[in-house]
Amino acid sequence: VCQSICRIDMFHHLFGNNKMKTAQRILITALDIFNQQGENNVSSVEIAMELDISPGNLYYHFKGKEVIVSELFELYQKQLLAILDAPNNLDDASLSIEDFFYYLYLIIDKNHLFRFLYRNPTDLTDKYPRVAKGFVKLMAAQERCVTELLAHFVTQNSMTASARQCHQMVEIIGLVFSQAANYYALKGYDINDDEYLYKSLSAILFALLPHINIDLDELHRLQEAIVNREFSNEEQ
């Protein structure tokens with residue numbers, strides 16, 4: 001029952017409140033199993049068995065596991081790019097450091113939803129060249145968007161940093177985003193839980209803190225939001 005509820009919740013995150021179709025059920029189930037076991041350890045037949053459908057029925061919708069992985073990556077890419085582009089639709093003057101960390105949370109939370117992509121990325125990109133090319137574009141887009149936001153905060157005097165320091169912060173954020181799940185998995189954490197997302201945000205805050213110029217009340221609110229895992233509630 002718990003697994004079914006989790007998959008329904010996953011469906012709403014990915015497809016909204018539309019009625020679930022067979023192709024979407026396949027994608028949701030594959031995503032869930034890939035996240036739990038790793039893409040390399042799951043076959044198309046196992047996905048079909050989990051859904052209680054025939055392999056032929058699955059093949060009718062997706063001509064093999066490679067197509068399923070590509071479809072899931074396309075879905076991830078589309079949703080992540082929407083998050084990355086979100087600040088472009090806002091009034092720059094209204095963006096605060098706390099907003100920035102919520103923005104970072106949304107990015108790493110989306111990575112968490114598709115965490116199988118980061119489980120063993122070298123093997124994954126070797127097997128799926130299309131995914132490899134997509135990752136290069138995504139990383140570039142992420143770095144560009146974060147760079148622009150840091151530059152905005154420097155201009156607004158919310159941060160004090162040179163262009164070189166901003167570049168280093170962007171790389172630190174990128175490293176945390178791409179490696180956090182594996183790091184905490186090696187430490188024995190359950191990466192199906194979102195605790196490591198907040199540990200990651202805390203590490204980013206620690207790295208950026210010497211450059212941040214905000215009053216103590218705002219800083220304390222941000223630290224409490226991370227400690228109390230409040231961003232998850234704001235997302236609802």
# chains A, B, ... in the order shown; residues from 1 in each chain; ligands from 1
>>> residues_around(residues="A:Glu218", least_positions_apart="6", cutoff="12 Å", atoms="only C-alpha atoms", output="list in words")
Ser96, Ile97, Glu98, Asp99, Ser158, Ile212, Glu224 and Ala225 of chain A
>>> select_by_dssp(residues="stretch 176-205 of chain A", states="helix (DSSP H, G or I)", output="list in words")
Val176, Phe177, Ser178, Gln179, Ala180, Ala181, Asn182, Tyr183, Tyr184, Ala185, Leu186, Glu195, Tyr196, Leu197, Tyr198, Lys199, Ser200, Leu201, Ser202, Ala203, Ile204 and Leu205 of chain A
>>> residues_around(residues="A:Thr147", least_positions_apart="6", cutoff="9 Å", atoms="only C-alpha atoms", output="ChimeraX atom specification")
/A:166-167,169-170
>>> residues_around(residues="A:Lys110", least_positions_apart="4", cutoff="9 Å", atoms="only C-alpha atoms", output="number ranges by chain")
A: 76, 79-80, 83, 105-106, 114-115
>>> residues_around(residues="stretch 183-195 of chain A", least_positions_apart="6", cutoff="12 Å", atoms="only C-alpha atoms", output="PyMOL selection string")
chain A and resi 6+32-37+105-106+108-116+118-120+175-177+201-202+226-232
>>> atom_distance(atom1="atom CA of A:Ala151", atom2="atom CA of A:Asp215")
19.5 Å
>>> atom_distance(atom1="atom CA of A:Gln142", atom2="atom CA of A:Thr29")
27.6 Å
>>> atom_distance(atom1="atom CA of A:Phe73", atom2="atom CA of A:Val131")
6.7 Å
>>> closest_residue(among="A:Leu124, A:Ile173, A:Leu208, A:Leu117", to="A:Glu143", atoms="only C-alpha atoms")
A:Ile173
>>> closest_residue(among="A:Leu205, A:Val67, A:Leu222, A:Ala30", to="A:Ala48", atoms="only C-alpha atoms")
A:Ala30
>>> closest_residue(among="A:Met139, A:Val154, A:Ile204, A:Ile214", to="A:Ile172", atoms="only C-alpha atoms")
A:Ile204
>>> residues_around(residues="A:Val45", least_positions_apart="2", cutoff="12 Å", atoms="only C-alpha atoms", output="mmCIF file with C-alpha atoms, in the first residue's frame")
data_model
loop_
_atom_site.group_PDB
_atom_site.id
_atom_site.type_symbol
_atom_site.label_atom_id
_atom_site.label_comp_id
_atom_site.auth_asym_id
_atom_site.auth_seq_id
_atom_site.Cartn_x
_atom_site.Cartn_y
_atom_site.Cartn_z
ATOM 1 C CA ILE A 26 5.264 2.161 -16.948
ATOM 2 C CA ALA A 30 10.373 2.124 -13.872
ATOM 3 C CA ASN A 41 19.962 -3.967 -11.988
ATOM 4 C CA VAL A 42 16.489 -3.808 -13.571
ATOM 5 C CA SER A 43 15.299 -5.330 -16.849
ATOM 6 C CA ILE A 47 9.272 -3.737 -14.936
ATOM 7 C CA ALA A 48 6.476 -5.592 -16.732
ATOM 8 C CA MET A 49 6.222 -8.129 -13.905
ATOM 9 C CA GLU A 50 6.011 -5.339 -11.334
ATOM 10 C CA LEU A 51 3.109 -3.857 -13.307
ATOM 11 C CA ASP A 52 1.502 -7.259 -13.836
ATOM 12 C CA ILE A 53 1.457 -6.760 -17.602
ATOM 13 C CA SER A 54 3.019 -8.832 -20.349
ATOM 14 C CA PRO A 55 6.466 -7.908 -21.742
ATOM 15 C CA GLY A 56 4.715 -7.539 -25.095
ATOM 16 C CA ASN A 57 2.373 -4.908 -23.654
ATOM 17 C CA LEU A 58 5.342 -2.983 -22.276
ATOM 18 C CA TYR A 59 7.159 -3.305 -25.615
ATOM 19 C CA PHE A 62 8.384 1.389 -25.147
ATOM 20 C CA LYS A 63 10.687 -0.564 -27.437
ATOM 21 C CA GLY A 64 13.085 -1.625 -24.687
ATOM 22 C CA LYS A 65 14.650 -0.243 -21.524
#
>>> closest_residue(among="A:Arg221, A:Ala23, A:Leu95, A:Asp85", to="A:Tyr60", atoms="only C-alpha atoms")
A:Ala23
>>> closest_residue(among="A:Asn88, A:Gln165, A:Glu74, A:Ile107", to="A:Ala132", atoms="only C-alpha atoms")
A:Glu74
